[in-house]
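Contents: one structure, followed by commentary.
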Amino acid sequence: MSARPVLIVDAANVVGSVPDGWWRDRRGAAERLRDRLAEREGGEEVILVVEGAARGVGSVPGVRVESASGSGDDLIVELAAVHADRPCTVVTADRALRERVRAYGARCAGPRTVRPV
């Protein structure tokens with residue numbers, strides 16, 4: 001039996017990819033993204049990484065929310081390393097972050113994967 005894939009989502013990067021007023025309510029934008037992710041039918045474990053004003057957003061069935069105490073990017077890299085033993089996809093447009101997680105075998109996908117325009 002193969003390991004269940006994991007999807008790690010860079011909340012700040014994905015939310016910031018669409019200029020829809022997210023900056024007025026960063027926490028609310030992260031909650032809306034979390035709820036959209038919970039509706040996915042992908043079968044993977046979904047981890048949403050939040051930071052800054054979005055810290056403290058709670059998990060819901062289907063989406064585990066991890067609040068970064070410092071850099072969200074550093075937490076995403078840590079999670080990619082922890083899950084290197086199974087298929088892992090990191091959703092971000094951040095080029096430097098993509099390079100860092102690829103060192104652990106993670107695939108990368110852009111924000112539109114989880115947040116269509």
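For the structure tokens, the naming scheme is as follows: chains receive sequential letters (A, B, ...) according to their order of presentation, residues are indexed from 1 within each chain, and ligands are indexed from 1 in presentation order.
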Tell me, counting only C-alpha atoms, for each residue of stretch 31-56 of chain A within 12 Å of stretch 77-81 of chain A, which pair of atoms is nearest and how far apart they are in Å to one decimal, in rows ordered by chain and increasing number, as JSON lines.
{"residue": "A:Val46", "atom": "CA", "partner": "A:Leu79", "partner_atom": "CA", "distance": 11.5}
{"residue": "A:Ile47", "atom": "CA", "partner": "A:Leu79", "partner_atom": "CA", "distance": 9.0}
{"residue": "A:Leu48", "atom": "CA", "partner": "A:Leu79", "partner_atom": "CA", "distance": 10.7}
{"residue": "A:Val49", "atom": "CA", "partner": "A:Leu79", "partner_atom": "CA", "distance": 9.5}
For this session: Tell me, as a list of chain:residue names, which residues lie within 9 Å of A:Ala109, counting only C-alpha atoms; anything in the same chain fewer than 6 positions away does not count.
Result: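 In the requested form, the answer reads A:Thr89, A:Val90, A:Val91, A:Thr92, A:Ala93, A:Arg98.
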For this session: Can you check which residues of stretch 19-49 of chain A DSSP gives as strand (DSSP E or B) on the backbone and send them as a PyMOL selection string?
Result: chain A and resi 45-49
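Note that the spacing between atom CA of A:Ala54 and atom CA of A:Tyr104 amounts to 26.4 Å.
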For this session: Find the residues near stretch 30-38 of chain A: any atom within 12 Å, counting only C-alpha atoms, skip ones fewer than 6 places away on the same chain, and give them as JSON, numbers by chain.
Result: {"A": [7, 8, 9, 10, 11, 12, 13, 14, 15, 16, 17, 18, 22, 23, 24, 44, 45, 46, 47, 48, 49, 50, 51, 52, 53, 54, 55, 56, 57, 58, 59, 60, 61, 62, 63, 64, 65, 66, 67, 91, 111, 112, 113, 114, 115, 116]}
Serialized selection, N, CA and C atoms, as a CSV table (one decimal), in the first residue's frame:
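Written out: result_34.csv:
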chain,number,residue,atom,x,y,z
A,7,LEU,N,-0.4,17.5,1.0
A,7,LEU,CA,-0.4,18.8,0.3
A,7,LEU,C,-0.2,19.9,1.3
A,8,ILE,N,0.9,20.6,1.1
A,8,ILE,CA,1.3,21.7,2.1
A,8,ILE,C,1.0,23.0,1.3
A,9,VAL,N,0.2,23.9,1.9
A,9,VAL,CA,-0.2,25.1,1.3
A,9,VAL,C,0.3,26.3,2.0
A,10,ASP,N,1.0,27.2,1.3
A,10,ASP,CA,1.6,28.4,1.8
A,10,ASP,C,0.4,29.4,1.7
A,11,ALA,N,-0.2,29.6,2.9
A,11,ALA,CA,-1.4,30.4,2.9
A,11,ALA,C,-1.2,31.9,2.5
A,12,ALA,N,-0.1,32.5,3.0
A,12,ALA,CA,0.2,33.9,2.7
A,12,ALA,C,0.4,34.1,1.2
A,13,ASN,N,1.1,33.1,0.6
A,13,ASN,CA,1.4,33.2,-0.9
A,13,ASN,C,0.2,33.0,-1.7
A,14,VAL,N,-0.6,32.0,-1.3
A,14,VAL,CA,-1.8,31.7,-2.1
A,14,VAL,C,-2.9,32.8,-2.0
A,15,VAL,N,-3.1,33.3,-0.8
A,15,VAL,CA,-4.1,34.4,-0.5
A,15,VAL,C,-3.6,35.6,-1.2
A,16,GLY,N,-2.3,35.9,-1.2
A,16,GLY,CA,-1.8,37.1,-1.8
A,16,GLY,C,-1.8,37.1,-3.4
A,17,SER,N,-2.1,35.9,-3.9
A,17,SER,CA,-2.0,35.8,-5.4
A,17,SER,C,-3.2,36.4,-6.1
A,18,VAL,N,-4.2,36.8,-5.4
A,18,VAL,CA,-5.4,37.4,-6.0
A,18,VAL,C,-5.7,38.7,-5.3
A,22,TRP,N,-7.8,40.9,0.4
A,22,TRP,CA,-7.4,40.1,1.5
A,22,TRP,C,-6.6,40.8,2.5
A,23,TRP,N,-5.9,41.9,2.2
A,23,TRP,CA,-5.1,42.6,3.1
A,23,TRP,C,-5.9,43.4,4.2
A,24,ARG,N,-7.2,43.5,4.0
A,24,ARG,CA,-8.1,44.2,5.0
A,24,ARG,C,-8.4,43.2,6.1
A,44,GLU,N,-5.7,13.6,-0.3
A,44,GLU,CA,-4.4,13.8,0.3
A,44,GLU,C,-4.6,14.5,1.7
A,45,GLU,N,-3.6,14.4,2.5
A,45,GLU,CA,-3.6,15.1,3.8
A,45,GLU,C,-3.3,16.5,3.5
A,46,VAL,N,-4.1,17.5,3.9
A,46,VAL,CA,-3.9,18.9,3.6
A,46,VAL,C,-3.4,19.6,4.9
A,47,ILE,N,-2.3,20.3,4.7
A,47,ILE,CA,-1.7,21.2,5.8
A,47,ILE,C,-1.6,22.6,5.2
A,48,LEU,N,-2.3,23.5,5.9
A,48,LEU,CA,-2.3,24.9,5.6
A,48,LEU,C,-1.4,25.6,6.6
A,49,VAL,N,-0.3,26.3,6.1
A,49,VAL,CA,0.6,27.0,6.9
A,49,VAL,C,0.3,28.5,6.9
A,50,VAL,N,0.0,29.0,8.1
A,50,VAL,CA,-0.4,30.4,8.3
A,50,VAL,C,0.7,31.1,9.1
A,51,GLU,N,0.8,32.4,8.9
A,51,GLU,CA,1.8,33.2,9.7
A,51,GLU,C,1.2,34.6,9.9
A,52,GLY,N,1.9,35.4,10.7
A,52,GLY,CA,1.5,36.8,10.9
A,52,GLY,C,0.1,36.9,11.5
A,53,ALA,N,-0.7,37.8,10.9
A,53,ALA,CA,-2.1,38.1,11.3
A,53,ALA,C,-3.0,36.9,11.2
A,54,ALA,N,-2.6,35.9,10.4
A,54,ALA,CA,-3.5,34.8,10.3
A,54,ALA,C,-3.2,33.7,11.3
A,55,ARG,N,-2.2,33.9,12.1
A,55,ARG,CA,-1.9,32.9,13.2
A,55,ARG,C,-3.1,32.7,14.0
A,56,GLY,N,-3.3,31.4,14.4
A,56,GLY,CA,-4.4,31.1,15.3
A,56,GLY,C,-5.7,30.6,14.6
A,57,VAL,N,-5.6,30.7,13.2
A,57,VAL,CA,-6.8,30.1,12.5
A,57,VAL,C,-6.8,28.6,12.8
A,58,GLY,N,-8.0,28.1,13.1
A,58,GLY,CA,-8.1,26.7,13.6
A,58,GLY,C,-8.2,25.7,12.4
A,59,SER,N,-7.9,24.5,12.8
A,59,SER,CA,-8.1,23.4,11.8
A,59,SER,C,-9.6,23.0,11.7
A,60,VAL,N,-9.9,22.4,10.6
A,60,VAL,CA,-11.3,21.9,10.4
A,60,VAL,C,-11.1,20.5,9.8
A,61,PRO,N,-12.2,19.7,9.8
A,61,PRO,CA,-12.0,18.3,9.2
A,61,PRO,C,-11.5,18.4,7.8
A,62,GLY,N,-10.4,17.7,7.5
A,62,GLY,CA,-9.9,17.7,6.2
A,62,GLY,C,-8.7,18.7,6.0
A,63,VAL,N,-8.5,19.6,6.9
A,63,VAL,CA,-7.4,20.6,6.8
A,63,VAL,C,-6.8,20.8,8.2
A,64,ARG,N,-5.5,20.5,8.3
A,64,ARG,CA,-4.8,20.8,9.5
A,64,ARG,C,-4.1,22.1,9.3
A,65,VAL,N,-4.3,23.1,10.2
A,65,VAL,CA,-3.7,24.4,10.1
A,65,VAL,C,-2.5,24.4,11.1
A,66,GLU,N,-1.4,24.8,10.5
A,66,GLU,CA,-0.1,25.0,11.3
A,66,GLU,C,0.2,26.5,11.3
A,67,SER,N,0.3,27.0,12.5
A,67,SER,CA,0.7,28.4,12.7
A,67,SER,C,2.2,28.5,12.9
A,91,VAL,N,2.3,24.0,-2.3
A,91,VAL,CA,1.6,25.0,-3.2
A,91,VAL,C,2.1,26.4,-2.8
A,111,PRO,N,-0.3,28.7,-7.0
A,111,PRO,CA,-1.6,29.0,-6.2
A,111,PRO,C,-2.9,28.6,-7.0
A,112,ARG,N,-2.9,28.7,-8.3
A,112,ARG,CA,-4.1,28.4,-9.0
A,112,ARG,C,-4.5,26.9,-8.8
A,113,THR,N,-3.6,26.1,-8.4
A,113,THR,CA,-4.0,24.7,-8.1
A,113,THR,C,-5.1,24.6,-7.1
A,114,VAL,N,-5.1,25.5,-6.1
A,114,VAL,CA,-6.0,25.5,-5.0
A,114,VAL,C,-6.9,26.7,-4.9
A,115,ARG,N,-6.6,27.7,-5.7
A,115,ARG,CA,-7.4,29.0,-5.7
A,115,ARG,C,-7.5,29.5,-7.1
A,116,PRO,N,-8.5,28.9,-7.9
A,116,PRO,CA,-8.7,29.4,-9.2
A,116,PRO,C,-9.0,30.9,-9.2
Problem set entry | Selection: 10 Å around A:Asp85, only C-alpha atoms, excl. self and same-chain fewer than 6 positions, as a VMD selection string | chain A and resid 3 5 104 to 106
Could you turn the residues from that selection into a file that holds N, CA and C atoms, as a PDB file, in the first residue's frame?
ATOM      1  N   ALA A   3       1.922   5.283   0.504  1.00  0.00           N
ATOM      2  CA  ALA A   3       1.694   6.302   1.527  1.00  0.00           C
ATOM      3  C   ALA A   3       0.732   7.367   1.014  1.00  0.00           C
ATOM      4  N   PRO A   5      -0.571  10.810   0.079  1.00  0.00           N
ATOM      5  CA  PRO A   5       0.109  12.062  -0.284  1.00  0.00           C
ATOM      6  C   PRO A   5      -0.237  13.193   0.688  1.00  0.00           C
ATOM      7  N   TYR A 104      14.007  18.238  -0.565  1.00  0.00           N
ATOM      8  CA  TYR A 104      13.438  17.115   0.189  1.00  0.00           C
ATOM      9  C   TYR A 104      12.527  16.257  -0.684  1.00  0.00           C
ATOM     10  N   GLY A 105      12.576  16.467  -1.978  1.00  0.00           N
ATOM     11  CA  GLY A 105      11.802  15.654  -2.895  1.00  0.00           C
ATOM     12  C   GLY A 105      10.374  16.109  -3.126  1.00  0.00           C
ATOM     13  N   ALA A 106      10.016  17.265  -2.601  1.00  0.00           N
ATOM     14  CA  ALA A 106       8.647  17.764  -2.772  1.00  0.00           C
ATOM     15  C   ALA A 106       8.433  18.266  -4.193  1.00  0.00           C
TER      16      ALA A 106
END
Problem set entry | All helix (DSSP H, G or I) residues (DSSP, backbone) inside chain A, as a PyMOL selection string | chain A and resi 11-15+22-24+26-38+52-54+72-82+95-102+111-113
Seminar exercise, completed: Taken to one decimal, the atom CA of A:Ala29-atom CA of A:Cys88 distance is 24.2 Å
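Atom CA of A:Asp73 to atom CA of A:Arg26 spans 17.1 Å [interatomic distance, one decimal].
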